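The structure file input.cif is reproduced below (mmCIF, C-alpha atoms).
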```cif
data_protein
#
loop_
_atom_site.label_atom_id
_atom_site.label_comp_id
_atom_site.auth_asym_id
_atom_site.auth_seq_id
_atom_site.Cartn_x
_atom_site.Cartn_y
_atom_site.Cartn_z
CA MET A 90 16.43 14.32 16.95
CA SER A 91 13.83 14.89 14.24
CA ASP A 92 10.33 13.73 13.54
CA VAL A 93 10.74 11.00 10.93
CA ILE A 94 8.55 10.11 7.95
CA VAL A 95 9.32 6.70 6.46
CA VAL A 96 8.43 6.11 2.81
CA ILE A 97 8.56 2.45 1.81
CA GLY A 98 8.49 2.18 -1.96
CA ALA A 99 10.06 5.34 -3.32
CA GLY A 100 7.80 5.63 -6.36
CA SER A 101 5.51 8.38 -7.55
CA ILE A 102 2.68 7.82 -5.05
CA GLY A 103 4.95 7.54 -2.01
CA GLN A 104 6.76 10.70 -3.03
CA ALA A 105 3.52 12.59 -3.67
CA ILE A 106 2.24 11.89 -0.16
CA ALA A 107 5.62 12.57 1.44
CA ARG A 108 5.92 15.99 -0.20
CA ARG A 109 2.66 17.01 1.48
CA VAL A 110 3.37 15.78 5.00
CA SER A 111 7.13 15.93 5.50
CA SER A 112 8.07 19.59 5.77
CA GLY A 113 10.26 20.00 8.85
CA SER A 114 10.69 16.23 9.24
CA HIS A 115 13.46 13.87 8.23
CA VAL A 116 12.36 11.63 5.35
CA VAL A 117 13.71 8.10 5.03
CA LEU A 118 13.13 6.84 1.48
CA ALA A 119 13.36 3.05 1.43
CA ASP A 120 13.20 0.81 -1.61
CA LEU A 121 14.31 -2.62 -2.77
CA ARG A 122 16.25 -0.93 -5.57
CA PRO A 123 18.83 1.62 -4.39
CA GLU A 124 18.63 3.49 -7.68
CA ASN A 125 14.93 4.17 -7.12
CA ALA A 126 15.54 5.54 -3.63
CA ASP A 127 18.48 7.63 -4.82
CA ALA A 128 16.49 9.14 -7.71
CA ALA A 129 13.58 10.02 -5.40
CA ALA A 130 15.98 11.46 -2.83
CA THR A 131 17.56 13.75 -5.43
CA VAL A 132 14.16 15.16 -6.37
CA MET A 133 13.13 15.74 -2.75
CA LEU A 134 16.52 17.15 -1.72
CA ASP A 135 16.32 19.64 -4.59
CA ALA A 136 12.86 20.62 -3.30
CA GLY A 137 14.26 21.42 0.15
CA PHE A 138 13.45 18.27 2.12
CA ASP A 139 15.79 16.58 4.59
CA VAL A 140 16.22 13.09 3.13
CA SER A 141 18.19 9.90 3.53
CA THR A 142 17.83 6.57 1.77
CA ALA A 143 17.70 2.93 2.87
CA LEU A 144 17.44 -0.50 1.31
CA VAL A 145 14.48 -2.67 2.28
CA ASP A 146 12.94 -5.96 1.23
CA VAL A 147 9.47 -5.89 2.78
CA SER A 148 9.15 -9.66 2.49
CA SER A 149 12.06 -10.09 4.93
CA ARG A 150 11.58 -9.49 8.66
CA PRO A 151 15.29 -8.78 9.32
CA SER A 152 15.26 -6.24 6.48
CA VAL A 153 12.18 -4.45 7.82
CA GLN A 154 13.63 -4.51 11.34
CA SER A 155 16.82 -2.97 10.01
CA LEU A 156 14.75 -0.20 8.41
CA VAL A 157 13.01 0.43 11.74
CA GLU A 158 16.41 0.74 13.42
CA THR A 159 17.61 3.16 10.75
CA ALA A 160 14.47 5.29 10.99
CA THR A 161 14.47 5.48 14.78
CA SER A 162 18.14 6.49 14.77
CA PHE A 163 17.03 9.82 13.27
CA GLY A 164 14.23 10.46 15.78
CA ASN A 165 10.60 9.62 16.48
CA VAL A 166 8.74 7.90 13.64
CA THR A 167 5.63 10.06 13.22
CA GLY A 168 4.60 8.86 9.78
CA VAL A 169 4.77 5.69 7.68
CA ILE A 170 3.83 5.68 3.99
CA HIS A 171 3.81 2.11 2.71
CA ALA A 172 3.67 2.16 -1.08
CA ALA A 173 5.83 -0.84 -1.99
CA GLY A 174 4.38 -3.66 -4.01
CA VAL A 175 4.30 -5.66 -7.22
CA SER A 176 1.51 -5.93 -9.77
CA PRO A 177 -0.06 -8.93 -11.54
CA SER A 178 2.00 -8.28 -14.66
CA GLN A 179 5.25 -8.13 -12.71
CA ALA A 180 5.30 -11.22 -10.54
CA SER A 181 4.04 -14.72 -9.79
CA PRO A 182 1.19 -15.38 -7.35
CA ALA A 183 3.66 -16.51 -4.69
CA THR A 184 5.75 -13.34 -5.01
CA ILE A 185 2.67 -11.11 -4.97
CA LEU A 186 1.45 -12.73 -1.76
CA ALA A 187 4.92 -12.52 -0.19
CA VAL A 188 5.43 -8.85 -1.03
CA ASP A 189 1.97 -7.30 -1.13
CA LEU A 190 0.26 -9.31 1.63
CA PHE A 191 2.94 -10.62 3.99
CA GLY A 192 5.17 -7.59 3.43
CA THR A 193 2.40 -5.18 4.35
CA ALA A 194 1.52 -7.15 7.48
CA LEU A 195 5.20 -7.13 8.45
CA VAL A 196 5.54 -3.37 7.96
CA LEU A 197 2.39 -2.71 9.99
CA GLU A 198 3.61 -4.96 12.79
CA GLU A 199 7.17 -3.67 13.04
CA PHE A 200 6.40 0.03 12.63
CA GLY A 201 3.37 -0.36 14.87
CA ASN A 202 5.83 -1.19 17.63
CA VAL A 203 7.60 2.18 17.33
CA ILE A 204 5.10 4.65 15.85
CA ALA A 205 4.97 7.83 17.91
CA SER A 206 1.92 9.16 19.71
CA GLN A 207 -0.09 11.31 17.28
CA GLY A 208 1.65 9.51 14.44
CA ALA A 209 -0.11 8.18 11.36
CA GLY A 210 0.37 5.64 8.63
CA VAL A 211 -1.02 5.10 5.15
CA VAL A 212 -0.95 1.83 3.21
CA ILE A 213 -1.46 1.95 -0.54
CA GLY A 214 -3.91 -0.79 -1.50
CA SER A 215 -5.80 -1.08 -4.78
CA GLN A 216 -9.23 -0.96 -6.35
CA SER A 217 -8.63 -4.66 -7.11
CA GLY A 218 -9.32 -5.55 -3.51
CA HIS A 219 -12.82 -4.14 -3.92
CA ARG A 220 -13.61 -6.36 -6.90
CA LEU A 221 -12.74 -9.63 -5.22
CA GLY A 222 -15.82 -11.70 -4.45
CA ALA A 223 -17.07 -11.80 -0.88
CA LEU A 224 -15.00 -13.81 1.55
CA THR A 225 -16.38 -15.64 4.55
CA ALA A 226 -16.24 -14.04 7.97
CA GLU A 227 -13.63 -16.62 8.94
CA GLU A 228 -11.47 -15.79 5.90
CA ASN A 229 -11.72 -12.06 6.63
CA ALA A 230 -10.66 -12.66 10.23
CA ALA A 231 -7.78 -14.87 9.12
CA LEU A 232 -6.39 -12.23 6.76
CA ALA A 233 -6.80 -9.54 9.42
CA THR A 234 -5.47 -11.26 12.51
CA THR A 235 -3.37 -14.34 11.70
CA PRO A 236 0.12 -13.86 13.19
CA THR A 237 2.31 -12.38 10.50
CA ASP A 238 4.76 -15.27 10.27
CA GLU A 239 1.86 -17.72 9.81
CA LEU A 240 -0.04 -15.65 7.27
CA LEU A 241 1.24 -17.32 4.10
CA GLN A 242 0.44 -20.74 5.56
CA LEU A 243 -3.32 -20.10 5.44
CA PRO A 244 -5.12 -22.78 3.38
CA MET A 245 -6.84 -20.11 1.28
CA LEU A 246 -3.45 -18.83 0.08
CA GLN A 247 -1.87 -22.11 -1.01
CA PRO A 248 -0.64 -22.57 -4.61
CA ASP A 249 -3.43 -24.96 -5.50
CA ARG A 250 -5.98 -22.32 -4.45
CA VAL A 251 -4.27 -19.23 -5.88
CA THR A 252 -3.04 -19.96 -9.39
CA ASP A 253 -3.55 -16.60 -11.12
CA PRO A 254 -1.51 -13.44 -10.43
CA LEU A 255 -4.60 -11.22 -10.55
CA HIS A 256 -6.38 -13.40 -7.98
CA ALA A 257 -3.28 -13.23 -5.76
CA TYR A 258 -3.21 -9.45 -6.13
CA GLN A 259 -6.90 -9.09 -5.28
CA LEU A 260 -6.48 -11.27 -2.20
CA ALA A 261 -3.42 -9.31 -1.12
CA LYS A 262 -5.13 -5.95 -1.49
CA ARG A 263 -8.29 -7.14 0.27
CA GLY A 264 -5.99 -8.45 2.96
CA ASN A 265 -4.25 -5.07 3.23
CA SER A 266 -7.46 -3.23 4.09
CA LEU A 267 -8.49 -5.92 6.58
CA ARG A 268 -5.06 -5.92 8.18
CA VAL A 269 -5.11 -2.16 8.53
CA MET A 270 -8.45 -2.38 10.34
CA ALA A 271 -7.00 -4.82 12.85
CA GLU A 272 -3.73 -2.92 13.23
CA ALA A 273 -5.61 0.34 13.78
CA VAL A 274 -6.70 -1.06 17.13
CA ARG A 275 -3.11 -1.81 18.15
CA TRP A 276 -1.75 1.47 16.77
CA GLY A 277 -4.48 3.28 18.65
CA LYS A 278 -3.05 2.05 21.95
CA ARG A 279 0.03 4.12 21.10
CA GLY A 280 -2.10 7.11 20.18
CA ALA A 281 -1.48 6.62 16.45
CA ARG A 282 -3.66 6.06 13.39
CA VAL A 283 -3.41 4.02 10.20
CA ASN A 284 -5.56 3.84 7.06
CA THR A 285 -5.59 2.37 3.57
CA ILE A 286 -5.96 4.17 0.26
CA SER A 287 -7.17 1.96 -2.60
CA PRO A 288 -6.38 3.80 -5.83
CA GLY A 289 -7.57 2.90 -9.28
CA ILE A 290 -5.39 3.31 -12.34
CA ILE A 291 -2.87 5.98 -11.37
CA PHE A 292 -0.36 6.96 -14.03
CA THR A 293 2.87 5.61 -12.57
CA PRO A 294 5.57 3.31 -14.02
CA LEU A 295 3.71 0.35 -12.50
CA ALA A 296 0.50 1.39 -14.28
CA ARG A 297 2.40 1.71 -17.55
CA ASP A 298 3.58 -1.88 -17.10
CA GLU A 299 -0.03 -2.95 -16.73
CA LEU A 300 -1.27 -0.83 -19.65
CA THR A 301 1.34 -2.37 -21.95
CA GLY A 302 1.10 -5.87 -20.48
CA PRO A 303 -1.23 -8.78 -21.16
CA ARG A 304 -4.11 -7.06 -19.33
CA GLY A 305 -3.56 -3.73 -21.07
CA GLU A 306 -6.75 -3.84 -23.13
CA GLY A 307 -8.82 -4.45 -20.01
CA TYR A 308 -7.14 -1.58 -18.20
CA ARG A 309 -7.81 0.82 -21.08
CA ARG A 310 -11.44 -0.31 -21.12
CA MET A 311 -11.73 0.37 -17.39
CA ILE A 312 -10.53 3.92 -17.95
CA GLU A 313 -12.83 4.54 -20.91
CA LEU A 314 -15.96 3.21 -19.19
CA SER A 315 -15.37 4.72 -15.77
CA PRO A 316 -17.48 7.71 -14.67
CA ALA A 317 -14.36 9.90 -14.50
CA GLY A 318 -13.25 8.77 -17.96
CA ARG A 319 -9.56 9.04 -17.14
CA GLY A 320 -6.80 7.66 -14.98
CA GLY A 321 -5.60 9.42 -11.86
CA THR A 322 -2.36 11.15 -10.92
CA PRO A 323 -0.04 10.53 -7.98
CA ASP A 324 -0.75 14.07 -6.75
CA GLU A 325 -4.44 13.20 -6.37
CA VAL A 326 -3.51 10.25 -4.17
CA GLY A 327 -1.15 12.57 -2.32
CA THR A 328 -4.04 14.86 -1.46
CA VAL A 329 -5.96 12.01 0.18
CA GLY A 330 -2.81 10.83 1.94
CA ALA A 331 -2.24 14.31 3.35
CA LEU A 332 -5.78 14.36 4.75
CA LEU A 333 -5.34 10.97 6.41
CA MET A 334 -1.94 11.77 7.89
CA GLY A 335 -2.59 15.39 8.80
CA PRO A 336 -4.48 17.32 11.47
CA ASP A 337 -7.75 17.26 9.52
CA GLY A 338 -7.81 13.46 9.64
CA THR A 339 -7.39 12.80 13.34
CA PHE A 340 -10.81 11.08 13.64
CA ILE A 341 -10.04 8.70 10.77
CA THR A 342 -8.38 5.35 11.45
CA GLY A 343 -8.86 1.77 10.35
CA SER A 344 -10.56 2.95 7.16
CA ASP A 345 -10.10 2.15 3.48
CA PHE A 346 -10.55 4.93 0.92
CA LEU A 347 -11.43 3.78 -2.59
CA MET A 348 -10.41 6.40 -5.17
CA ASP A 349 -10.66 4.91 -8.65
CA GLY A 350 -12.59 7.39 -10.77
CA GLY A 351 -15.67 5.23 -10.35
CA VAL A 352 -14.25 2.10 -11.99
CA THR A 353 -15.59 -0.13 -9.23
CA ALA A 354 -18.99 1.58 -9.44
CA SER A 355 -19.09 0.87 -13.16
CA TYR A 356 -17.87 -2.67 -12.59
CA PHE A 357 -20.89 -3.44 -10.40
CA TYR A 358 -23.56 -1.09 -11.75
CA GLY A 359 -22.38 0.41 -15.05
CA GLU A 360 -21.11 -0.53 -18.47
CA LEU A 361 -18.18 -2.52 -17.10
CA ALA A 362 -20.72 -4.91 -15.54
CA ARG A 363 -21.75 -5.90 -19.04
#
```

Kindly present the structure from the file in structure tokens form.
Amino acid sequence: MSDVIVVIGAGSIGQAIARRVSSGSHVVLADLRPENADAAATVMLDAGFDVSTALVDVSSRPSVQSLVETATSFGNVTGVIHAAGVSPSQASPATILAVDLFGTALVLEEFGNVIASQGAGVVIGSQSGHRLGALTAEENAALATTPTDELLQLPMLQPDRVTDPLHAYQLAKRGNSLRVMAEAVRWGKRGARVNTISPGIIFTPLARDELTGPRGEGYRRMIELSPAGRGGTPDEVGTVGALLMGPDGTFITGSDFLMDGGVTASYFYGELAR
């Protein structure tokens, strides 16, 4: 029986973190699209990792439960890297909330039931969650602690309140960081940790969809007017993920790490504010 690292969303960021934390462990690469998981598995197998693939729809409890069963059949789940999601240019508000918000809560709940002592998880959020206007204390608590199966029934998430994909995405990503805070308490009872990384524009296929989509001009402007003056790379996110999941991060849990090249800083206090 091996230590098992589960990667949900077999894209560039999930792979980058996995390559840093999975040596000597069995890696389960799970994705909604088998071809994505297979392509990622080929790359990691060629790099010497022990890898298998699985199909998962994070918006489906039976599907996530099946993934848990597959992962635990290989050994103790010591790491969970949740990088699955859809962007505002890819989906409707309802789909974004189902995948990015409900799906994340579901993954945290189900894997929180089996995560090993000394294990760790990372959820990939977004800078967008940091640019959503302030919510009330009651709304924050609702996103953090509402039972998973009741989450999408919250009044604040109904179609008449959330009509724009970007608004849905911002709510989902704010909800991710709040949910991780609440789940960190539960994971801690098992001796495990979980954190959120909120990247800015990282050059992945998803980012290319955004840069060439209807919000592309705004994305390019964010890059140009950010303090860093560039987008990020999956490897840079991987470095933060390795800190949070590794031995140097054992005092870090329930936290959200914004790494966006200063876009949010410029949005509030720099040229993007104008």

### Task
Between atom CA of Pro323 of chain A and atom CA of Tyr358 of chain A, measure the distance and give it in Å to one decimal.
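It comes out at 26.5 Å.
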
Would you list the residues near (10.9, -3.1, -1.1), meaning any protein, DNA or RNA residue with an atom at most 9 Å from that point in file coordinates, counting only C-alpha atoms, as JSON, numbers by chain?
{"A": [97, 98, 99, 119, 120, 121, 122, 144, 145, 146, 147, 148, 172, 173, 174, 188, 192]}

* Rank nothing, just name the residue among A:Arg319, A:Arg363, A:His115, A:Arg268 nearest to Ala231 of chain A, using only C-alpha atoms. =>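 Between A:Arg319, A:Arg363, A:His115, A:Arg268, the residue approaching Ala231 of chain A most closely is A:Arg268.
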
Tell me which residues the PyMOL selection byres ((chain A and resi 205) around 6) grabs here, as a CSV table (one decimal) with C-alpha atoms, keeping the file's coordinate frame.
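What follows is the written file out.csv:
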```
chain,number,residue,atom,x,y,z
A,166,VAL,CA,8.7,7.9,13.6
A,167,THR,CA,5.6,10.1,13.2
A,204,ILE,CA,5.1,4.6,15.8
A,206,SER,CA,1.9,9.2,19.7
A,208,GLY,CA,1.6,9.5,14.4
```

* To do: Select, from A:Gly100, A:Gly218, A:Gly137, A:Gly113, the residue with the minimum atom-to-atom distance to His171 of chain A, counting only C-alpha atoms.
  =>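 With only C-alpha atoms as the atom set, the closest residue is A:Gly100.
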
| Resolved residues for the PyMOL selection byres ((chain A and resi 256) around 10) as a ChimeraX atom specification | /A:177,182,185,217-218,221,250-255,257-262

task = Kindly provide, as a VMD selection string, the polymer residues lying within 12 Å of (7.5, 1.2, 16.2), counting all atoms listed in the file and using the coordinates exactly as they appear in the file.
result = chain A and resid 93 95 153 to 162 164 to 169 195 to 206 208 to 210 275 to 276 279 to 281

Here atom CA of Arg309 of chain A and atom CA of Ile286 of chain A stand apart by 21.7 Å

For segment 270-303 of chain A versus segment 332-350 of chain A, which residues have an atom no more than 6 Å away, and what is each residue's nearest atom pair and distance in Å rounded to one decimal, using all atoms listed in the file, chain-then-number order, as JSON lines?
```
{"residue": "A:Met270", "atom": "CA", "partner": "A:Gly343", "partner_atom": "CA", "distance": 4.2}
{"residue": "A:Ala273", "atom": "CA", "partner": "A:Gly343", "partner_atom": "CA", "distance": 4.9}
{"residue": "A:Arg282", "atom": "CA", "partner": "A:Thr342", "partner_atom": "CA", "distance": 5.2}
{"residue": "A:Val283", "atom": "CA", "partner": "A:Thr342", "partner_atom": "CA", "distance": 5.3}
{"residue": "A:Asn284", "atom": "CA", "partner": "A:Ser344", "partner_atom": "CA", "distance": 5.1}
{"residue": "A:Thr285", "atom": "CA", "partner": "A:Asp345", "partner_atom": "CA", "distance": 4.5}
{"residue": "A:Ile286", "atom": "CA", "partner": "A:Phe346", "partner_atom": "CA", "distance": 4.7}
{"residue": "A:Ser287", "atom": "CA", "partner": "A:Leu347", "partner_atom": "CA", "distance": 4.6}
{"residue": "A:Pro288", "atom": "CA", "partner": "A:Met348", "partner_atom": "CA", "distance": 4.8}
{"residue": "A:Gly289", "atom": "CA", "partner": "A:Asp349", "partner_atom": "CA", "distance": 3.7}
```

With distances taken over only C-alpha atoms, the candidate from A:Ala233, A:Val110, A:Leu190, A:Ala105 nearest Ala129 of chain A is A:Ala105

State, in Å with one decimal place, the distance from atom CA of Arg310 of chain A to atom CA of Glu325 of chain A.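 Interatomic distance here is 21.2 Å.
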